[in-house]
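input03.cif (mmCIF, N, CA and C atoms)
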data_final
loop_
_atom_site.label_atom_id
_atom_site.label_comp_id
_atom_site.auth_asym_id
_atom_site.auth_seq_id
_atom_site.Cartn_x
_atom_site.Cartn_y
_atom_site.Cartn_z
N MET A 1 191.66 135.28 110.52
CA MET A 1 193.03 135.09 110.08
C MET A 1 193.07 133.96 109.06
N LEU A 2 193.92 134.15 108.08
CA LEU A 2 194.12 133.10 107.09
C LEU A 2 194.79 131.89 107.76
N SER A 3 194.58 130.72 107.20
CA SER A 3 195.20 129.51 107.74
C SER A 3 196.71 129.56 107.50
N ILE A 4 197.42 128.71 108.22
CA ILE A 4 198.87 128.65 108.04
C ILE A 4 199.22 128.22 106.61
N SER A 5 198.42 127.38 106.03
CA SER A 5 198.64 126.95 104.65
C SER A 5 198.48 128.13 103.68
N GLU A 6 197.45 128.93 103.89
CA GLU A 6 197.23 130.11 103.04
C GLU A 6 198.36 131.12 103.20
N VAL A 7 198.81 131.32 104.43
CA VAL A 7 199.92 132.24 104.66
C VAL A 7 201.19 131.68 104.01
N GLY A 8 201.38 130.37 104.08
CA GLY A 8 202.52 129.74 103.41
C GLY A 8 202.51 129.98 101.91
N ASP A 9 201.33 129.90 101.31
CA ASP A 9 201.21 130.17 99.87
C ASP A 9 201.57 131.62 99.55
N ILE A 10 201.12 132.55 100.39
CA ILE A 10 201.45 133.96 100.19
C ILE A 10 202.96 134.15 100.33
N LEU A 11 203.53 133.55 101.34
CA LEU A 11 204.97 133.67 101.58
C LEU A 11 205.76 133.11 100.40
N ASP A 12 205.31 132.02 99.83
CA ASP A 12 205.96 131.45 98.64
C ASP A 12 205.93 132.45 97.49
N ARG A 13 204.78 133.08 97.27
CA ARG A 13 204.67 134.07 96.19
C ARG A 13 205.59 135.26 96.45
N LEU A 14 205.64 135.71 97.70
CA LEU A 14 206.50 136.85 98.05
C LEU A 14 207.97 136.50 97.86
N ALA A 15 208.34 135.27 98.20
CA ALA A 15 209.72 134.83 98.05
C ALA A 15 210.11 134.81 96.57
N GLU A 16 209.18 134.49 95.70
CA GLU A 16 209.45 134.46 94.27
C GLU A 16 209.67 135.85 93.69
N GLU A 17 209.25 136.89 94.39
CA GLU A 17 209.46 138.27 93.93
C GLU A 17 210.94 138.67 94.01
N LEU A 18 211.69 137.98 94.84
CA LEU A 18 213.08 138.36 95.10
C LEU A 18 214.03 137.69 94.12
N PRO A 19 215.10 138.40 93.76
CA PRO A 19 216.05 137.82 92.80
C PRO A 19 216.79 136.61 93.38
N PRO A 20 217.17 135.69 92.52
CA PRO A 20 217.87 134.47 92.97
C PRO A 20 219.14 134.77 93.78
N GLU A 21 219.82 135.87 93.48
CA GLU A 21 221.05 136.22 94.18
C GLU A 21 220.83 136.39 95.68
N PHE A 22 219.63 136.77 96.07
CA PHE A 22 219.32 136.97 97.49
C PHE A 22 219.41 135.67 98.28
N TYR A 23 219.28 134.56 97.59
CA TYR A 23 219.23 133.26 98.26
C TYR A 23 220.61 132.63 98.46
N ARG A 24 221.64 133.33 98.00
CA ARG A 24 223.00 132.79 98.13
C ARG A 24 223.29 132.47 99.60
N ASP A 25 223.69 131.28 99.86
CA ASP A 25 224.07 130.80 101.20
C ASP A 25 222.92 130.79 102.21
N LEU A 26 221.71 130.92 101.77
CA LEU A 26 220.55 130.80 102.68
C LEU A 26 220.19 129.31 102.73
N SER A 27 221.08 128.54 103.33
CA SER A 27 220.98 127.08 103.27
C SER A 27 219.77 126.52 104.02
N GLY A 28 219.30 127.24 105.04
CA GLY A 28 218.13 126.78 105.79
C GLY A 28 216.82 127.26 105.20
N GLY A 29 216.90 128.13 104.20
CA GLY A 29 215.71 128.62 103.52
C GLY A 29 214.84 129.53 104.38
N ILE A 30 213.58 129.59 104.00
CA ILE A 30 212.57 130.38 104.69
C ILE A 30 211.61 129.40 105.35
N LEU A 31 211.46 129.50 106.65
CA LEU A 31 210.56 128.61 107.38
C LEU A 31 209.38 129.39 107.93
N LEU A 32 208.20 128.86 107.75
CA LEU A 32 207.00 129.41 108.38
C LEU A 32 206.73 128.58 109.63
N VAL A 33 206.93 129.20 110.77
CA VAL A 33 206.84 128.51 112.06
C VAL A 33 205.42 128.71 112.63
N PRO A 34 204.75 127.66 113.06
CA PRO A 34 203.37 127.78 113.53
C PRO A 34 203.18 128.66 114.75
N GLU A 35 204.14 128.64 115.68
CA GLU A 35 203.91 129.33 116.94
C GLU A 35 204.19 130.82 116.85
N ALA A 36 203.77 131.50 117.91
CA ALA A 36 204.14 132.90 118.13
C ALA A 36 205.46 132.89 118.88
N LYS A 37 206.22 133.95 118.72
CA LYS A 37 207.48 134.07 119.47
C LYS A 37 207.52 135.44 120.11
N HIS A 38 207.76 135.44 121.41
CA HIS A 38 207.93 136.70 122.13
C HIS A 38 209.40 137.08 122.09
N SER A 39 209.64 138.36 122.12
CA SER A 39 211.00 138.87 122.10
C SER A 39 211.77 138.39 123.32
N GLN A 40 213.05 138.20 123.14
CA GLN A 40 213.90 137.83 124.27
C GLN A 40 214.04 138.97 125.26
N TYR A 41 213.65 140.18 124.86
CA TYR A 41 213.81 141.35 125.71
C TYR A 41 212.57 141.66 126.54
N SER A 42 211.41 141.24 126.08
CA SER A 42 210.17 141.55 126.79
C SER A 42 209.03 140.69 126.24
N ASP A 43 208.19 140.18 127.14
CA ASP A 43 207.02 139.43 126.70
C ASP A 43 205.99 140.32 126.01
N GLU A 44 206.13 141.63 126.16
CA GLU A 44 205.22 142.56 125.50
C GLU A 44 205.48 142.65 124.01
N LEU A 45 206.69 142.31 123.59
CA LEU A 45 207.07 142.41 122.19
C LEU A 45 206.99 141.05 121.52
N VAL A 46 206.41 141.04 120.34
CA VAL A 46 206.25 139.80 119.57
C VAL A 46 207.21 139.84 118.39
N THR A 47 207.88 138.75 118.14
CA THR A 47 208.80 138.63 117.01
C THR A 47 208.03 138.09 115.82
N LEU A 48 208.03 138.85 114.72
CA LEU A 48 207.34 138.42 113.50
C LEU A 48 208.24 137.57 112.62
N GLY A 49 209.49 137.97 112.55
CA GLY A 49 210.45 137.26 111.72
C GLY A 49 211.82 137.29 112.36
N GLU A 50 212.68 136.41 111.88
CA GLU A 50 213.99 136.30 112.50
C GLU A 50 214.97 135.72 111.49
N TYR A 51 216.13 136.32 111.42
CA TYR A 51 217.22 135.79 110.60
C TYR A 51 218.24 135.19 111.55
N SER A 52 218.71 134.00 111.25
CA SER A 52 219.69 133.39 112.13
C SER A 52 220.79 132.70 111.33
N VAL A 53 221.96 132.67 111.96
CA VAL A 53 223.11 131.96 111.43
C VAL A 53 223.55 131.01 112.52
N SER A 54 223.60 129.73 112.19
CA SER A 54 224.00 128.73 113.17
C SER A 54 224.74 127.60 112.45
N GLN A 55 225.06 126.56 113.21
CA GLN A 55 225.70 125.38 112.60
C GLN A 55 224.78 124.75 111.56
N SER A 56 223.49 124.97 111.70
CA SER A 56 222.52 124.44 110.73
C SER A 56 222.49 125.25 109.45
N GLY A 57 223.12 126.41 109.46
CA GLY A 57 223.14 127.27 108.28
C GLY A 57 222.43 128.59 108.52
N ARG A 58 222.22 129.30 107.47
CA ARG A 58 221.53 130.60 107.50
C ARG A 58 220.08 130.37 107.13
N MET A 59 219.18 130.97 107.91
CA MET A 59 217.76 130.78 107.62
C MET A 59 216.94 131.98 108.07
N ILE A 60 215.77 132.07 107.50
CA ILE A 60 214.78 133.09 107.87
C ILE A 60 213.57 132.35 108.42
N LYS A 61 213.12 132.78 109.59
CA LYS A 61 211.91 132.22 110.18
C LYS A 61 210.85 133.31 110.22
N ILE A 62 209.65 132.95 109.80
CA ILE A 62 208.48 133.82 109.89
C ILE A 62 207.52 133.12 110.85
N TYR A 63 207.06 133.84 111.87
CA TYR A 63 206.25 133.25 112.94
C TYR A 63 204.76 133.49 112.67
N TYR A 64 204.11 132.45 112.15
CA TYR A 64 202.68 132.52 111.85
C TYR A 64 201.88 132.95 113.08
N GLY A 65 202.15 132.34 114.23
CA GLY A 65 201.41 132.66 115.45
C GLY A 65 201.55 134.11 115.86
N SER A 66 202.71 134.70 115.60
CA SER A 66 202.91 136.12 115.91
C SER A 66 202.08 136.99 114.98
N PHE A 67 202.04 136.63 113.70
CA PHE A 67 201.20 137.37 112.76
C PHE A 67 199.73 137.24 113.15
N GLU A 68 199.34 136.03 113.54
CA GLU A 68 197.96 135.80 113.95
C GLU A 68 197.61 136.67 115.16
N LYS A 69 198.53 136.75 116.09
CA LYS A 69 198.30 137.52 117.32
C LYS A 69 198.18 139.02 117.03
N LEU A 70 199.07 139.54 116.20
CA LEU A 70 199.07 140.98 115.93
C LEU A 70 198.15 141.41 114.80
N TYR A 71 198.05 140.57 113.78
CA TYR A 71 197.36 140.98 112.56
C TYR A 71 196.21 140.06 112.16
N GLY A 72 195.70 139.30 113.09
CA GLY A 72 194.62 138.36 112.79
C GLY A 72 193.37 139.00 112.21
N TRP A 73 193.23 140.28 112.42
CA TRP A 73 192.05 141.02 111.95
C TRP A 73 192.20 141.50 110.50
N MET A 74 193.39 141.41 109.93
CA MET A 74 193.65 141.95 108.60
C MET A 74 193.08 141.08 107.50
N ASN A 75 192.74 141.74 106.39
CA ASN A 75 192.34 140.99 105.21
C ASN A 75 193.60 140.49 104.48
N GLU A 76 193.43 139.69 103.46
CA GLU A 76 194.55 139.07 102.77
C GLU A 76 195.52 140.09 102.19
N GLU A 77 195.00 141.14 101.60
CA GLU A 77 195.85 142.16 100.99
C GLU A 77 196.72 142.86 102.05
N GLN A 78 196.11 143.22 103.16
CA GLN A 78 196.86 143.89 104.24
C GLN A 78 197.92 142.94 104.82
N LEU A 79 197.54 141.71 105.06
CA LEU A 79 198.46 140.74 105.63
C LEU A 79 199.62 140.47 104.67
N THR A 80 199.34 140.41 103.38
CA THR A 80 200.38 140.22 102.38
C THR A 80 201.42 141.33 102.46
N GLU A 81 200.98 142.56 102.62
CA GLU A 81 201.92 143.68 102.72
C GLU A 81 202.78 143.58 103.98
N GLU A 82 202.19 143.17 105.09
CA GLU A 82 202.96 143.00 106.33
C GLU A 82 203.98 141.87 106.17
N LEU A 83 203.56 140.77 105.57
CA LEU A 83 204.48 139.66 105.32
C LEU A 83 205.61 140.08 104.40
N ARG A 84 205.30 140.84 103.36
CA ARG A 84 206.32 141.32 102.42
C ARG A 84 207.35 142.17 103.16
N GLU A 85 206.87 143.06 104.00
CA GLU A 85 207.77 143.95 104.74
C GLU A 85 208.70 143.15 105.66
N VAL A 86 208.14 142.20 106.39
CA VAL A 86 208.95 141.40 107.31
C VAL A 86 209.94 140.51 106.54
N LEU A 87 209.49 139.88 105.48
CA LEU A 87 210.38 139.02 104.69
C LEU A 87 211.55 139.82 104.13
N ARG A 88 211.29 140.98 103.60
CA ARG A 88 212.36 141.81 103.04
C ARG A 88 213.29 142.33 104.13
N HIS A 89 212.73 142.62 105.29
CA HIS A 89 213.55 143.04 106.43
C HIS A 89 214.54 141.93 106.78
N GLU A 90 214.05 140.70 106.86
CA GLU A 90 214.92 139.58 107.22
C GLU A 90 215.93 139.29 106.11
N PHE A 91 215.54 139.45 104.86
CA PHE A 91 216.51 139.29 103.78
C PHE A 91 217.59 140.36 103.83
N THR A 92 217.24 141.55 104.27
CA THR A 92 218.24 142.60 104.44
C THR A 92 219.27 142.17 105.48
N HIS A 93 218.80 141.57 106.58
CA HIS A 93 219.75 141.03 107.56
C HIS A 93 220.67 140.00 106.91
N HIS A 94 220.09 139.12 106.09
CA HIS A 94 220.87 138.08 105.42
C HIS A 94 221.94 138.69 104.52
N ILE A 95 221.55 139.61 103.69
CA ILE A 95 222.48 140.21 102.73
C ILE A 95 223.57 140.99 103.47
N GLU A 96 223.17 141.73 104.51
CA GLU A 96 224.17 142.45 105.30
C GLU A 96 225.13 141.48 105.97
N SER A 97 224.62 140.37 106.47
CA SER A 97 225.47 139.38 107.12
C SER A 97 226.51 138.83 106.15
N LEU A 98 226.09 138.55 104.93
CA LEU A 98 227.03 138.06 103.91
C LEU A 98 228.11 139.09 103.61
N ALA A 99 227.75 140.37 103.71
CA ALA A 99 228.70 141.45 103.40
C ALA A 99 229.50 141.89 104.63
N GLY A 100 229.21 141.30 105.79
CA GLY A 100 229.91 141.69 107.01
C GLY A 100 229.43 143.03 107.55
N GLU A 101 228.23 143.41 107.23
CA GLU A 101 227.64 144.67 107.68
C GLU A 101 226.65 144.43 108.80
N ARG A 102 226.35 145.49 109.58
CA ARG A 102 225.40 145.36 110.69
C ARG A 102 224.42 146.53 110.75
N GLY A 103 224.27 147.28 109.67
CA GLY A 103 223.45 148.49 109.68
C GLY A 103 222.03 148.26 110.18
N LEU A 104 221.34 147.29 109.64
CA LEU A 104 219.96 147.04 110.06
C LEU A 104 219.91 146.48 111.47
N GLU A 105 220.86 145.67 111.82
CA GLU A 105 220.92 145.13 113.19
C GLU A 105 221.07 146.28 114.20
N ILE A 106 221.92 147.24 113.88
CA ILE A 106 222.10 148.41 114.76
C ILE A 106 220.82 149.22 114.83
N LYS A 107 220.16 149.40 113.69
CA LYS A 107 218.89 150.14 113.66
C LYS A 107 217.84 149.44 114.52
N ASP A 108 217.75 148.11 114.42
CA ASP A 108 216.79 147.34 115.23
C ASP A 108 217.10 147.51 116.72
N GLU A 109 218.39 147.47 117.08
CA GLU A 109 218.77 147.66 118.48
C GLU A 109 218.38 149.04 118.98
N GLU A 110 218.54 150.04 118.14
CA GLU A 110 218.16 151.42 118.49
C GLU A 110 216.65 151.53 118.71
N GLN A 111 215.87 150.88 117.87
CA GLN A 111 214.42 150.89 118.05
C GLN A 111 214.02 150.26 119.38
N LEU A 112 214.67 149.17 119.74
CA LEU A 112 214.41 148.53 121.03
C LEU A 112 214.77 149.45 122.19
N ARG A 113 215.92 150.10 122.07
CA ARG A 113 216.36 151.03 123.11
C ARG A 113 215.33 152.14 123.29
N ARG A 114 214.86 152.72 122.19
CA ARG A 114 213.85 153.80 122.27
C ARG A 114 212.55 153.28 122.87
N PHE A 115 212.15 152.05 122.53
CA PHE A 115 210.93 151.47 123.09
C PHE A 115 211.03 151.40 124.61
N PHE A 116 212.16 150.90 125.10
CA PHE A 116 212.31 150.74 126.55
C PHE A 116 212.48 152.08 127.26
N GLU A 117 213.11 153.04 126.61
CA GLU A 117 213.22 154.38 127.19
C GLU A 117 211.83 155.01 127.33
N LYS A 118 211.04 154.89 126.29
CA LYS A 118 209.68 155.44 126.31
C LYS A 118 208.85 154.74 127.39
N LYS A 119 209.01 153.43 127.49
CA LYS A 119 208.26 152.65 128.47
C LYS A 119 208.60 153.07 129.90
N THR A 120 209.87 153.35 130.17
CA THR A 120 210.26 153.73 131.53
C THR A 120 209.81 155.14 131.88
N ARG A 121 209.54 155.98 130.86
CA ARG A 121 209.05 157.34 131.12
C ARG A 121 207.55 157.37 131.41
N THR A 122 206.83 156.34 131.02
CA THR A 122 205.37 156.36 131.23
C THR A 122 204.97 155.67 132.51
#
Would you mind writing the file's structure down as structure tokens?
Amino acid sequence: MLSISEVGDILDRLAEELPPEFYRDLSGGILLVPEAKHSQYSDELVTLGEYSVSQSGRMIKIYYGSFEKLYGWMNEEQLTEELREVLRHEFTHHIESLAGERGLEIKDEEQLRRFFEKKTRT
């Protein structure tokens, strides 16, 4: 697995791919968090990224430890693509939040529901 510093450099490059308008009101910016984060719904699920709105502002967190846990075997190119996908997913949450929309949030909830339904059938 690449070091947290190397992943931070990749994340910086990926963030530069996005238009400046995407950053409107993202007061907390993009944080690369060292630890892994397990889902609040199950320890089996790992959270790769997270968009949050709080008194501290709006921010995107990317969990280095979660990437390490799930994708530690990937080469730089593969890991970059996974990071790009997660970063854009979280930015979609941000943009929808600014617009008062919940489409992706609903889709994420549906995926969780299907995961748990499948799990209870096995």
Point (203.5, 138.3, 114.9), cut-off 12 Å, counting only C-alpha atoms, residues as a VMD selection string: chain A and resid 1 32 to 39 44 to 50 61 to 72 79 82 to 83 86
Where does DSSP see alpha helix (DSSP H) in segment 1-89 of chain A, if you list the residues as a ChimeraX atom specification? /A:4-16,64-71,76-89
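Minimum distance to Glu6 of chain A across A:Glu101, A:Glu90, A:Glu96, A:Glu76 (counting only C-alpha atoms) occurs at A:Glu76.
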Report as a PyMOL selection string: the residues of chain A with a DSSP assignment of strand (DSSP E or B), based on the backbone of this structure. chain A and resi 29-33+37-38+46-47+49-54+57-63
Please enumerate the residues selected by the PyMOL selection byres ((chain A and resi 27) around 6.5) when evaluated against the supplied file, formatted as a CSV table (one decimal) with N, CA and C atoms, keeping the file's coordinate frame.
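Now in selection20.csv:
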chain,number,residue,atom,x,y,z
A,23,TYR,N,219.3,134.6,97.6
A,23,TYR,CA,219.2,133.3,98.3
A,23,TYR,C,220.6,132.6,98.5
A,24,ARG,N,221.6,133.3,98.0
A,24,ARG,CA,223.0,132.8,98.1
A,24,ARG,C,223.3,132.5,99.6
A,25,ASP,N,223.7,131.3,99.9
A,25,ASP,CA,224.1,130.8,101.2
A,25,ASP,C,222.9,130.8,102.2
A,26,LEU,N,221.7,130.9,101.8
A,26,LEU,CA,220.6,130.8,102.7
A,26,LEU,C,220.2,129.3,102.7
A,28,GLY,N,219.3,127.2,105.0
A,28,GLY,CA,218.1,126.8,105.8
A,28,GLY,C,216.8,127.3,105.2
A,29,GLY,N,216.9,128.1,104.2
A,29,GLY,CA,215.7,128.6,103.5
A,29,GLY,C,214.8,129.5,104.4
A,56,SER,N,223.5,125.0,111.7
A,56,SER,CA,222.5,124.4,110.7
A,56,SER,C,222.5,125.2,109.4
A,57,GLY,N,223.1,126.4,109.5
A,57,GLY,CA,223.1,127.3,108.3
A,57,GLY,C,222.4,128.6,108.5
A,58,ARG,N,222.2,129.3,107.5
A,58,ARG,CA,221.5,130.6,107.5
A,58,ARG,C,220.1,130.4,107.1
A,59,MET,N,219.2,131.0,107.9
A,59,MET,CA,217.8,130.8,107.6
A,59,MET,C,216.9,132.0,108.1
Interatomic distance, atom CA of Ser42 of chain A to atom CA of His93 of chain A (Å, one decimal): 21.5 Å
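For the atom pair formed by atom CA of Asp43 of chain A and atom CA of Leu112 of chain A, the distance is 13.0 Å, given to one decimal.
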